[in-house]
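I have placed the structure first, in the form of structure tokens, so that the comments after it can refer back to it.
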2 protein chains.
Amino acid sequence: MDLRTIEWKNGQIKIVDQTKLPGKLEYLYIRDLKTLWHAIKELKVRGAPALGAAAGLGVYLGVKDSKAKTFARFYGELDKVIRYLGSSRPTAKNLFWGLERMGSAAIKNQEKAITEIKKILFDEAQKIIEEDRSACRKIGIYGAKLINKFDTIMTVCNAGILATIDYGTALGVIYRAGEEGKKVKVFACETRPLLQGARLTVWELKRKGVDVTLNCDNMAAILMAQGKIDKVIAGADRIAVNGDTANKIGTYSLAVLAHHHKIPFYIAAPSSTFDLSIKSGKGIVIEQRNSCEVTDLFYKRKMSHKAVKVFNPAFDVTPHNLITAIITEKGVIRAPFSKNIKRVIKSCKG
Amino acid sequence: MDLRTIEWKNGQIKIVDQTKLPGKLEYLYIRDLKTLWHAIKELKVRGAPALGAAAGLGVYLGVKDSKAKTFARFYGELDKVIRYLGSSRPTAKNLFWGLERMGSAAIKNQEKAITEIKKILFDEAQKIIEEDRSACRKIGIYGAKLINKFDTIMTVCNAGILATIDYGTALGVIYRAGEEGKKVKVFACETRPLLQGARLTVWELKRKGVDVTLNCDNMAAILMAQGKIDKVIAGADRIAVNGDTANKIGTYSLAVLAHHHKIPFYIAAPSSTFDLSIKSGKGIVIEQRNSCEVTDLFYKRKMSHKAVKVFNPAFDVTPHNLITAIITEKGVIRAPFSKNIKRVIKSCKG
């Protein structure tokens, strides 16, 4: 990839500041946890898989200069870092998955010297990044098999390069199909309120030369009715064991509309997105965000009454019966989801 | 009404400049046709019924200073005015209905003196306004009967005071229900790209003390799934004889979503919105608007790639089978629509 959304560079976490796109491509160098916490909260770094990497690198950043002499003390500090980073955004499973994984790596190696454990944690963070890269590629390969040569695909939010370490999940499928010579076209839903579709997806698809058209979210239905959409592919922030999928707000709407118009609706996500401890979507905590995201465009201009009540969930849950299949790096999972998710995901998580 | 969206005042057309809301309530005084044409095109005055009034007053404005000595010459000028105003926005039936009505009034009185015909045209424009006022009230009365005491109603765009001469069509039903002591709550879809819901509907409902919550268009589905919406009511720009209804983009999406969640979906519109010359929605011309409405928020800040293709229809068509009923000033029309629309509307237009 010519573009790295998040990486470790010269003792700091280097990220693309996604709030500056599409205006300019600007990098942020993060040296402290508070800056990282705000970068996650304010969506400077975003996208479920990228948050897994942020968790890994963030935990290392938080403990690398620890002066602790005992593991108990070291682990106390590490646990505080994990709790702190976990308080930034509640819905994306990958964030917690990354944090837990770092915690486990420390515990597993508690007999070792602290300097050794620090090195192990750094390696673990790098491993998370490497695994995400590999997962993106495999999701692309599995997903591209579902795409026909002249398909037009609708997507929502940004599940691409900017949301992962590599070329994305939903957009990874599109990039891979392109590499295989398929002439895929894309309709990008702008994704209110923060316009990740308009700002990020269009920017990265254009950069890669993909034929993309931007539509407002409320135009998706009529595009489907006009026969212009062959498939819908979205990413995921958390997937319950029955397949119910939390993703960017508006995903559920697209799933209902696709169902009504008999259009296949796919989720593309790495296995780190699955939360096997949650039976169904009802158990997924949905992040509620600040109302000014809706009333003020990027806090610049008031678009509504200053005292209006606002409904602004960041995510919604798409029930499994509206999902045609879930594309993962372990293969494509279809109904019955409860059985097949357990089989495919559990067998690998051990 | 304490607020007049459009009226004749001191030899000019006085309108609320709706592009300035909710920031400030500013009036525009229009003395020439070109300014009126731009005011319609740029949505300074908007809403199907208000456009009927703009047509009436606009035609009078265009011919009131005519120096024509013969009817043939006068009618030539009048016809030019009608064609010019008709070229501003193609979808709203009421605009054309108003223009045609003014043309017919002239023809019917062609034997009279030109000064006399001018007076008749002024009176006809006032009659259009009076009839719209009365239609709003009747739609409110018929519609409020469909509303239960604690209903929460979702609406889209602005079909209220700012879209009509009186208290609106869809919002008229809500205002009337309130007057009857019903404790109605409203969810206003923001209505991208021009945010008429966020800017106008919230502003006027707040002004009237109605309990309103703003949501992005892509959040409508999850609100329905959570059982928070009892009814959806939208306005209309043009209704075909089979009930297929063109309205602000996003209306069709809400109709599909309401259908999926088994929520009644109503259209509220005066009879001037029906186009009995059109058999179905396929015959309705949909206005395509400038892509910068989507990429630039009010032309202030770029929100996407400057060269992205944009899908930006102003309206969509909701097929009649997704509509529970159409509330008009002649009564509530239900399926079979082809039969009942002809019966209710034709009988009055003849």
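Residue numbering restarts at 1 for every chain of the structure tokens, chains are lettered A, B, ... in their displayed order, and ligands are numbered from 1 as they appear.
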Any chance you could list, as an mmCIF file with N, CA, C and O atoms, in the first residue's frame, the residues in region 123-341 of chain A that come up helix (DSSP H, G or I) when DSSP is run on the backbone?
```cif
data_model
loop_
_atom_site.group_PDB
_atom_site.id
_atom_site.type_symbol
_atom_site.label_atom_id
_atom_site.label_comp_id
_atom_site.auth_asym_id
_atom_site.auth_seq_id
_atom_site.Cartn_x
_atom_site.Cartn_y
_atom_site.Cartn_z
ATOM 1 N N ASP A 123 5.935 -6.449 19.500
ATOM 2 C CA ASP A 123 5.781 -7.470 18.452
ATOM 3 C C ASP A 123 4.321 -7.866 18.272
ATOM 4 O O ASP A 123 3.867 -8.113 17.153
ATOM 5 N N GLU A 124 3.579 -7.923 19.389
ATOM 6 C CA GLU A 124 2.167 -8.301 19.312
ATOM 7 C C GLU A 124 1.383 -7.245 18.516
ATOM 8 O O GLU A 124 0.531 -7.583 17.685
ATOM 9 N N ALA A 125 1.687 -5.980 18.773
ATOM 10 C CA ALA A 125 1.023 -4.895 18.037
ATOM 11 C C ALA A 125 1.335 -5.011 16.548
ATOM 12 O O ALA A 125 0.458 -4.854 15.689
ATOM 13 N N GLN A 126 2.582 -5.313 16.240
ATOM 14 C CA GLN A 126 2.957 -5.480 14.833
ATOM 15 C C GLN A 126 2.251 -6.684 14.216
ATOM 16 O O GLN A 126 1.902 -6.674 13.037
ATOM 17 N N LYS A 127 2.047 -7.694 15.047
ATOM 18 C CA LYS A 127 1.374 -8.907 14.566
ATOM 19 C C LYS A 127 -0.095 -8.599 14.233
ATOM 20 O O LYS A 127 -0.637 -9.094 13.238
ATOM 21 N N ILE A 128 -0.729 -7.791 15.084
ATOM 22 C CA ILE A 128 -2.118 -7.369 14.825
ATOM 23 C C ILE A 128 -2.184 -6.687 13.457
ATOM 24 O O ILE A 128 -3.058 -6.956 12.637
ATOM 25 N N ILE A 129 -1.196 -5.804 13.223
ATOM 26 C CA ILE A 129 -1.158 -5.081 11.952
ATOM 27 C C ILE A 129 -0.950 -6.038 10.782
ATOM 28 O O ILE A 129 -1.657 -5.974 9.772
ATOM 29 N N GLU A 130 -0.006 -6.950 10.949
ATOM 30 C CA GLU A 130 0.272 -7.913 9.870
ATOM 31 C C GLU A 130 -0.931 -8.803 9.589
ATOM 32 O O GLU A 130 -1.246 -9.092 8.442
ATOM 33 N N GLU A 131 -1.584 -9.222 10.662
ATOM 34 C CA GLU A 131 -2.754 -10.089 10.484
ATOM 35 C C GLU A 131 -3.893 -9.348 9.788
ATOM 36 O O GLU A 131 -4.624 -9.917 8.984
ATOM 37 N N ASP A 132 -4.051 -8.047 10.109
ATOM 38 C CA ASP A 132 -5.112 -7.295 9.453
ATOM 39 C C ASP A 132 -4.810 -7.151 7.969
ATOM 40 O O ASP A 132 -5.692 -7.268 7.126
ATOM 41 N N ARG A 133 -3.539 -6.912 7.664
ATOM 42 C CA ARG A 133 -3.149 -6.819 6.259
ATOM 43 C C ARG A 133 -3.525 -8.105 5.519
ATOM 44 O O ARG A 133 -4.159 -8.081 4.467
ATOM 45 N N SER A 134 -3.180 -9.197 6.131
ATOM 46 C CA SER A 134 -3.450 -10.488 5.506
ATOM 47 C C SER A 134 -4.962 -10.752 5.431
ATOM 48 O O SER A 134 -5.473 -11.260 4.424
ATOM 49 N N ALA A 135 -5.705 -10.356 6.481
ATOM 50 C CA ALA A 135 -7.161 -10.559 6.482
ATOM 51 C C ALA A 135 -7.810 -9.768 5.345
ATOM 52 O O ALA A 135 -8.675 -10.279 4.623
ATOM 53 N N CYS A 136 -7.373 -8.514 5.153
ATOM 54 C CA CYS A 136 -7.921 -7.691 4.070
ATOM 55 C C CYS A 136 -7.756 -8.396 2.728
ATOM 56 O O CYS A 136 -8.682 -8.460 1.918
ATOM 57 N N ARG A 137 -6.545 -8.912 2.494
ATOM 58 C CA ARG A 137 -6.265 -9.576 1.218
ATOM 59 C C ARG A 137 -7.168 -10.788 1.017
ATOM 60 O O ARG A 137 -7.691 -11.020 -0.064
ATOM 61 N N LYS A 138 -7.344 -11.560 2.097
ATOM 62 C CA LYS A 138 -8.168 -12.778 1.966
ATOM 63 C C LYS A 138 -9.639 -12.424 1.787
ATOM 64 O O LYS A 138 -10.360 -13.072 1.029
ATOM 65 N N ILE A 139 -10.105 -11.416 2.530
ATOM 66 C CA ILE A 139 -11.493 -10.967 2.359
ATOM 67 C C ILE A 139 -11.696 -10.525 0.908
ATOM 68 O O ILE A 139 -12.710 -10.831 0.280
ATOM 69 N N GLY A 140 -10.699 -9.821 0.375
ATOM 70 C CA GLY A 140 -10.770 -9.383 -1.018
ATOM 71 C C GLY A 140 -10.912 -10.559 -1.970
ATOM 72 O O GLY A 140 -11.752 -10.550 -2.872
ATOM 73 N N ILE A 141 -10.110 -11.586 -1.729
ATOM 74 C CA ILE A 141 -10.131 -12.759 -2.615
ATOM 75 C C ILE A 141 -11.468 -13.498 -2.513
ATOM 76 O O ILE A 141 -12.101 -13.797 -3.527
ATOM 77 N N TYR A 142 -11.915 -13.759 -1.286
ATOM 78 C CA TYR A 142 -13.202 -14.451 -1.114
ATOM 79 C C TYR A 142 -14.352 -13.607 -1.670
ATOM 80 O O TYR A 142 -15.254 -14.116 -2.338
ATOM 81 N N GLY A 143 -14.323 -12.317 -1.347
ATOM 82 C CA GLY A 143 -15.428 -11.441 -1.741
ATOM 83 C C GLY A 143 -15.515 -11.245 -3.240
ATOM 84 O O GLY A 143 -16.613 -11.227 -3.813
ATOM 85 N N ALA A 144 -14.366 -11.119 -3.885
ATOM 86 C CA ALA A 144 -14.358 -10.843 -5.330
ATOM 87 C C ALA A 144 -15.030 -11.970 -6.115
ATOM 88 O O ALA A 144 -15.562 -11.751 -7.200
ATOM 89 N N ILE A 161 -9.167 1.411 2.601
ATOM 90 C CA ILE A 161 -7.783 1.607 3.031
ATOM 91 C C ILE A 161 -7.749 2.414 4.327
ATOM 92 O O ILE A 161 -7.004 2.109 5.254
ATOM 93 N N LEU A 162 -8.578 3.446 4.394
ATOM 94 C CA LEU A 162 -8.554 4.356 5.534
ATOM 95 C C LEU A 162 -9.137 3.746 6.804
ATOM 96 O O LEU A 162 -9.023 4.323 7.881
ATOM 97 N N ALA A 163 -9.794 2.589 6.674
ATOM 98 C CA ALA A 163 -10.408 1.954 7.842
ATOM 99 C C ALA A 163 -9.612 0.757 8.323
ATOM 100 O O ALA A 163 -9.959 0.128 9.319
ATOM 101 N N ALA A 170 -14.901 -4.026 2.833
ATOM 102 C CA ALA A 170 -15.882 -3.862 1.744
ATOM 103 C C ALA A 170 -15.195 -3.324 0.485
ATOM 104 O O ALA A 170 -15.392 -3.841 -0.620
ATOM 105 N N LEU A 171 -14.365 -2.296 0.648
ATOM 106 C CA LEU A 171 -13.672 -1.754 -0.531
ATOM 107 C C LEU A 171 -12.564 -2.686 -1.000
ATOM 108 O O LEU A 171 -12.220 -2.703 -2.181
ATOM 109 N N GLY A 172 -12.036 -3.508 -0.104
ATOM 110 C CA GLY A 172 -11.040 -4.504 -0.491
ATOM 111 C C GLY A 172 -11.607 -5.461 -1.527
ATOM 112 O O GLY A 172 -10.921 -5.836 -2.493
ATOM 113 N N VAL A 173 -12.859 -5.839 -1.331
ATOM 114 C CA VAL A 173 -13.537 -6.714 -2.290
ATOM 115 C C VAL A 173 -13.598 -6.026 -3.659
ATOM 116 O O VAL A 173 -13.348 -6.641 -4.704
ATOM 117 N N ILE A 174 -13.899 -4.725 -3.638
ATOM 118 C CA ILE A 174 -14.004 -3.953 -4.887
ATOM 119 C C ILE A 174 -12.628 -3.793 -5.551
ATOM 120 O O ILE A 174 -12.486 -3.985 -6.761
ATOM 121 N N TYR A 175 -11.608 -3.486 -4.735
ATOM 122 C CA TYR A 175 -10.251 -3.341 -5.302
ATOM 123 C C TYR A 175 -9.789 -4.671 -5.914
ATOM 124 O O TYR A 175 -9.216 -4.707 -6.996
ATOM 125 N N ARG A 176 -10.043 -5.745 -5.186
ATOM 126 C CA ARG A 176 -9.617 -7.054 -5.673
ATOM 127 C C ARG A 176 -10.351 -7.417 -6.976
ATOM 128 O O ARG A 176 -9.731 -7.907 -7.935
ATOM 129 N N ALA A 177 -11.660 -7.171 -7.006
ATOM 130 C CA ALA A 177 -12.424 -7.449 -8.231
ATOM 131 C C ALA A 177 -11.823 -6.668 -9.403
ATOM 132 O O ALA A 177 -11.713 -7.196 -10.520
ATOM 133 N N GLY A 178 -11.408 -5.425 -9.128
ATOM 134 C CA GLY A 178 -10.773 -4.607 -10.169
ATOM 135 C C GLY A 178 -9.467 -5.219 -10.639
ATOM 136 O O GLY A 178 -9.191 -5.281 -11.845
ATOM 137 N N GLU A 179 -8.681 -5.718 -9.691
ATOM 138 C CA GLU A 179 -7.411 -6.357 -10.042
ATOM 139 C C GLU A 179 -7.626 -7.605 -10.900
ATOM 140 O O GLU A 179 -6.777 -7.974 -11.698
ATOM 141 N N GLN A 196 -18.433 10.150 6.013
ATOM 142 C CA GLN A 196 -17.267 9.322 5.692
ATOM 143 C C GLN A 196 -17.310 8.817 4.250
ATOM 144 O O GLN A 196 -16.268 8.604 3.630
ATOM 145 N N GLY A 197 -18.529 8.589 3.732
ATOM 146 C CA GLY A 197 -18.653 8.150 2.341
ATOM 147 C C GLY A 197 -18.213 9.243 1.384
ATOM 148 O O GLY A 197 -17.385 9.026 0.494
ATOM 149 N N ALA A 198 -18.765 10.436 1.579
ATOM 150 C CA ALA A 198 -18.455 11.565 0.692
ATOM 151 C C ALA A 198 -16.985 11.967 0.814
ATOM 152 O O ALA A 198 -16.315 12.256 -0.181
ATOM 153 N N ARG A 199 -16.491 11.991 2.064
ATOM 154 C CA ARG A 199 -15.145 12.503 2.286
ATOM 155 C C ARG A 199 -14.072 11.464 2.036
ATOM 156 O O ARG A 199 -13.060 11.740 1.398
ATOM 157 N N LEU A 200 -14.285 10.247 2.564
ATOM 158 C CA LEU A 200 -13.195 9.268 2.588
ATOM 159 C C LEU A 200 -13.293 8.235 1.470
ATOM 160 O O LEU A 200 -12.314 7.988 0.767
ATOM 161 N N THR A 201 -14.480 7.622 1.327
ATOM 162 C CA THR A 201 -14.616 6.561 0.328
ATOM 163 C C THR A 201 -14.413 7.105 -1.075
ATOM 164 O O THR A 201 -13.678 6.523 -1.883
ATOM 165 N N VAL A 202 -15.047 8.238 -1.372
ATOM 166 C CA VAL A 202 -14.871 8.834 -2.700
ATOM 167 C C VAL A 202 -13.396 9.173 -2.927
ATOM 168 O O VAL A 202 -12.836 8.888 -3.987
ATOM 169 N N TRP A 203 -12.766 9.745 -1.918
ATOM 170 C CA TRP A 203 -11.358 10.145 -2.030
ATOM 171 C C TRP A 203 -10.469 8.948 -2.350
ATOM 172 O O TRP A 203 -9.661 8.981 -3.275
ATOM 173 N N GLU A 204 -10.653 7.849 -1.604
ATOM 174 C CA GLU A 204 -9.733 6.730 -1.850
ATOM 175 C C GLU A 204 -10.077 5.951 -3.113
ATOM 176 O O GLU A 204 -9.181 5.449 -3.785
ATOM 177 N N LEU A 205 -11.367 5.872 -3.473
ATOM 178 C CA LEU A 205 -11.721 5.177 -4.721
ATOM 179 C C LEU A 205 -11.215 5.968 -5.933
ATOM 180 O O LEU A 205 -10.694 5.396 -6.893
ATOM 181 N N LYS A 206 -11.377 7.275 -5.892
ATOM 182 C CA LYS A 206 -10.886 8.142 -6.974
ATOM 183 C C LYS A 206 -9.367 7.983 -7.128
ATOM 184 O O LYS A 206 -8.836 7.903 -8.238
ATOM 185 N N ARG A 207 -8.694 7.959 -5.980
ATOM 186 C CA ARG A 207 -7.243 7.819 -5.954
ATOM 187 C C ARG A 207 -6.795 6.519 -6.623
ATOM 188 O O ARG A 207 -5.732 6.452 -7.239
ATOM 189 N N ASP A 217 -27.701 9.588 1.336
ATOM 190 C CA ASP A 217 -28.213 8.327 1.889
ATOM 191 C C ASP A 217 -29.673 8.079 1.496
ATOM 192 O O ASP A 217 -30.076 6.944 1.250
ATOM 193 N N ASN A 218 -30.454 9.143 1.427
ATOM 194 C CA ASN A 218 -31.881 8.995 1.113
ATOM 195 C C ASN A 218 -32.155 8.730 -0.367
ATOM 196 O O ASN A 218 -33.304 8.620 -0.770
ATOM 197 N N MET A 219 -31.085 8.648 -1.173
ATOM 198 C CA MET A 219 -31.243 8.347 -2.603
ATOM 199 C C MET A 219 -30.982 6.868 -2.903
ATOM 200 O O MET A 219 -31.149 6.425 -4.039
ATOM 201 N N ALA A 220 -30.536 6.109 -1.906
ATOM 202 C CA ALA A 220 -30.197 4.696 -2.133
ATOM 203 C C ALA A 220 -31.408 3.919 -2.633
ATOM 204 O O ALA A 220 -31.302 3.096 -3.546
ATOM 205 N N ALA A 221 -32.575 4.178 -2.038
ATOM 206 C CA ALA A 221 -33.773 3.407 -2.387
ATOM 207 C C ALA A 221 -34.136 3.561 -3.851
ATOM 208 O O ALA A 221 -34.435 2.585 -4.544
ATOM 209 N N ILE A 222 -34.106 4.787 -4.341
ATOM 210 C CA ILE A 222 -34.551 5.001 -5.722
ATOM 211 C C ILE A 222 -33.517 4.453 -6.706
ATOM 212 O O ILE A 222 -33.869 3.956 -7.778
ATOM 213 N N LEU A 223 -32.236 4.462 -6.325
ATOM 214 C CA LEU A 223 -31.221 3.824 -7.172
ATOM 215 C C LEU A 223 -31.499 2.332 -7.295
ATOM 216 O O LEU A 223 -31.383 1.751 -8.371
ATOM 217 N N MET A 224 -31.883 1.725 -6.171
ATOM 218 C CA MET A 224 -32.212 0.297 -6.206
ATOM 219 C C MET A 224 -33.460 0.053 -7.058
ATOM 220 O O MET A 224 -33.503 -0.867 -7.862
ATOM 221 N N ALA A 225 -34.472 0.905 -6.891
ATOM 222 C CA ALA A 225 -35.720 0.739 -7.647
ATOM 223 C C ALA A 225 -35.472 0.885 -9.144
ATOM 224 O O ALA A 225 -36.151 0.263 -9.961
ATOM 225 N N THR A 251 -26.654 1.515 7.811
ATOM 226 C CA THR A 251 -26.430 0.195 7.228
ATOM 227 C C THR A 251 -27.714 -0.634 7.274
ATOM 228 O O THR A 251 -28.087 -1.285 6.295
ATOM 229 N N TYR A 252 -28.390 -0.564 8.420
ATOM 230 C CA TYR A 252 -29.651 -1.297 8.554
ATOM 231 C C TYR A 252 -30.664 -0.837 7.505
ATOM 232 O O TYR A 252 -31.351 -1.652 6.883
ATOM 233 N N SER A 253 -30.729 0.467 7.303
ATOM 234 C CA SER A 253 -31.636 1.014 6.290
ATOM 235 C C SER A 253 -31.332 0.408 4.915
ATOM 236 O O SER A 253 -32.236 -0.053 4.204
ATOM 237 N N LEU A 254 -30.063 0.349 4.553
ATOM 238 C CA LEU A 254 -29.670 -0.232 3.259
ATOM 239 C C LEU A 254 -30.041 -1.701 3.181
ATOM 240 O O LEU A 254 -30.449 -2.196 2.130
ATOM 241 N N ALA A 255 -29.920 -2.410 4.313
ATOM 242 C CA ALA A 255 -30.248 -3.841 4.320
ATOM 243 C C ALA A 255 -31.737 -4.054 4.066
ATOM 244 O O ALA A 255 -32.126 -4.930 3.291
ATOM 245 N N VAL A 256 -32.576 -3.233 4.711
ATOM 246 C CA VAL A 256 -34.036 -3.350 4.487
ATOM 247 C C VAL A 256 -34.357 -3.018 3.031
ATOM 248 O O VAL A 256 -35.129 -3.726 2.365
ATOM 249 N N LEU A 257 -33.763 -1.958 2.531
ATOM 250 C CA LEU A 257 -34.033 -1.532 1.148
ATOM 251 C C LEU A 257 -33.540 -2.585 0.151
ATOM 252 O O LEU A 257 -34.221 -2.881 -0.833
ATOM 253 N N ALA A 258 -32.372 -3.162 0.410
ATOM 254 C CA ALA A 258 -31.845 -4.208 -0.485
ATOM 255 C C ALA A 258 -32.781 -5.418 -0.475
ATOM 256 O O ALA A 258 -33.098 -5.983 -1.524
ATOM 257 N N HIS A 259 -33.253 -5.770 0.715
ATOM 258 C CA HIS A 259 -34.175 -6.897 0.860
ATOM 259 C C HIS A 259 -35.443 -6.646 0.043
ATOM 260 O O HIS A 259 -35.900 -7.511 -0.708
ATOM 261 N N HIS A 260 -35.992 -5.442 0.160
ATOM 262 C CA HIS A 260 -37.221 -5.088 -0.567
ATOM 263 C C HIS A 260 -37.008 -5.182 -2.075
ATOM 264 O O HIS A 260 -37.905 -5.568 -2.823
ATOM 265 N N SER A 271 -12.295 -11.586 11.247
ATOM 266 C CA SER A 271 -12.861 -12.357 12.357
ATOM 267 C C SER A 271 -12.747 -11.616 13.683
ATOM 268 O O SER A 271 -13.500 -11.893 14.613
ATOM 269 N N SER A 272 -11.843 -10.624 13.771
ATOM 270 C CA SER A 272 -11.714 -9.858 15.017
ATOM 271 C C SER A 272 -12.954 -9.010 15.304
ATOM 272 O O SER A 272 -13.096 -8.468 16.392
ATOM 273 N N THR A 273 -13.856 -8.923 14.327
ATOM 274 C CA THR A 273 -15.085 -8.135 14.493
ATOM 275 C C THR A 273 -16.183 -8.941 15.183
ATOM 276 O O THR A 273 -17.165 -8.386 15.674
ATOM 277 N N GLY A 281 -28.055 -9.011 18.234
ATOM 278 C CA GLY A 281 -27.835 -7.567 18.151
ATOM 279 C C GLY A 281 -28.332 -6.803 19.365
ATOM 280 O O GLY A 281 -27.845 -5.710 19.652
ATOM 281 N N LYS A 282 -29.315 -7.380 20.056
ATOM 282 C CA LYS A 282 -29.856 -6.689 21.237
ATOM 283 C C LYS A 282 -28.782 -6.447 22.292
ATOM 284 O O LYS A 282 -28.905 -5.541 23.115
ATOM 285 N N GLY A 283 -27.753 -7.266 22.304
ATOM 286 C CA GLY A 283 -26.707 -7.131 23.311
ATOM 287 C C GLY A 283 -25.604 -6.153 22.931
ATOM 288 O O GLY A 283 -24.678 -5.933 23.700
ATOM 289 N N CYS A 292 -24.234 17.993 17.980
ATOM 290 C CA CYS A 292 -23.707 19.011 17.058
ATOM 291 C C CYS A 292 -23.154 18.389 15.781
ATOM 292 O O CYS A 292 -23.001 19.074 14.776
ATOM 293 N N GLU A 293 -22.907 17.087 15.790
ATOM 294 C CA GLU A 293 -22.505 16.451 14.531
ATOM 295 C C GLU A 293 -23.612 16.565 13.479
ATOM 296 O O GLU A 293 -23.339 16.590 12.281
ATOM 297 N N VAL A 294 -24.857 16.595 13.952
ATOM 298 C CA VAL A 294 -25.991 16.698 13.024
ATOM 299 C C VAL A 294 -26.363 18.153 12.756
ATOM 300 O O VAL A 294 -26.636 18.536 11.621
ATOM 301 N N THR A 295 -26.345 18.972 13.804
ATOM 302 C CA THR A 295 -26.816 20.356 13.630
ATOM 303 C C THR A 295 -25.755 21.281 13.034
ATOM 304 O O THR A 295 -26.087 22.272 12.398
ATOM 305 N N HIS A 320 -29.581 -10.513 11.194
ATOM 306 C CA HIS A 320 -28.942 -11.490 10.300
ATOM 307 C C HIS A 320 -29.818 -11.913 9.136
ATOM 308 O O HIS A 320 -29.335 -12.233 8.067
ATOM 309 N N ASN A 321 -31.148 -11.897 9.334
ATOM 310 C CA ASN A 321 -32.013 -12.363 8.241
ATOM 311 C C ASN A 321 -32.014 -11.405 7.046
ATOM 312 O O ASN A 321 -32.512 -11.730 5.982
ATOM 313 N N LEU A 322 -31.452 -10.211 7.206
ATOM 314 C CA LEU A 322 -31.331 -9.282 6.076
ATOM 315 C C LEU A 322 -29.950 -9.364 5.426
ATOM 316 O O LEU A 322 -29.655 -8.632 4.490
ATOM 317 N N PHE A 337 -26.603 -18.677 10.369
ATOM 318 C CA PHE A 337 -25.431 -17.971 10.876
ATOM 319 C C PHE A 337 -24.953 -18.489 12.232
ATOM 320 O O PHE A 337 -23.763 -18.631 12.463
ATOM 321 N N SER A 338 -25.913 -18.727 13.152
ATOM 322 C CA SER A 338 -25.504 -19.126 14.508
ATOM 323 C C SER A 338 -24.583 -20.335 14.444
ATOM 324 O O SER A 338 -23.556 -20.398 15.118
ATOM 325 N N LYS A 339 -24.949 -21.265 13.606
ATOM 326 C CA LYS A 339 -24.160 -22.487 13.478
ATOM 327 C C LYS A 339 -22.840 -22.211 12.740
ATOM 328 O O LYS A 339 -21.761 -22.593 13.183
ATOM 329 N N ASN A 340 -22.948 -21.500 11.621
ATOM 330 C CA ASN A 340 -21.777 -21.333 10.763
ATOM 331 C C ASN A 340 -20.750 -20.341 11.310
ATOM 332 O O ASN A 340 -19.553 -20.493 11.073
ATOM 333 N N ILE A 341 -21.217 -19.308 12.013
ATOM 334 C CA ILE A 341 -20.258 -18.368 12.616
ATOM 335 C C ILE A 341 -19.436 -19.106 13.664
ATOM 336 O O ILE A 341 -18.210 -18.997 13.709
#
```
ask   = Can you list, as a list of chain:residue names, every protein, DNA or RNA residue that comes within 6 Å of Thr213 (chain B) when you count only C-alpha atoms, leaving out same-chain residues fewer than 5 positions away?
value =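 Non-adjacent residues within range: A:Lys309, A:Val310, B:Phe187.
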Selection: 12 Å around Lys108 (chain A), only C-alpha atoms, excl. self and same-chain fewer than 2 positions, as a list of chain:residue names =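 Listed by chain and then number, they are A:Phe71, A:Tyr75, A:Arg101, A:Met102, A:Gly103, A:Ser104, A:Ala105, A:Ala106, A:Gln110, A:Glu111, A:Lys112, A:Ile117, A:Ile120, A:Leu121, A:Glu124.
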message = Could you check the closest approach to Asp316 (chain A) for each of A:Lys279, A:Arg238, A:Lys24, A:Lys182 and tell me which residue wins, using only C-alpha atoms?
response =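 Looking only at the distances to Asp316 (chain A), the closest residue turns out to be A:Arg238.
Nearest residue to chain B, choosing from A:Val332, A:Leu297, A:Leu214, A:Val184 and counting only C-alpha atoms: A:Leu214.
Nearest residue to chain B among A:Gln288, A:Asn247, A:Ser304, A:Gln226 is A:Ser304, counting only C-alpha atoms.
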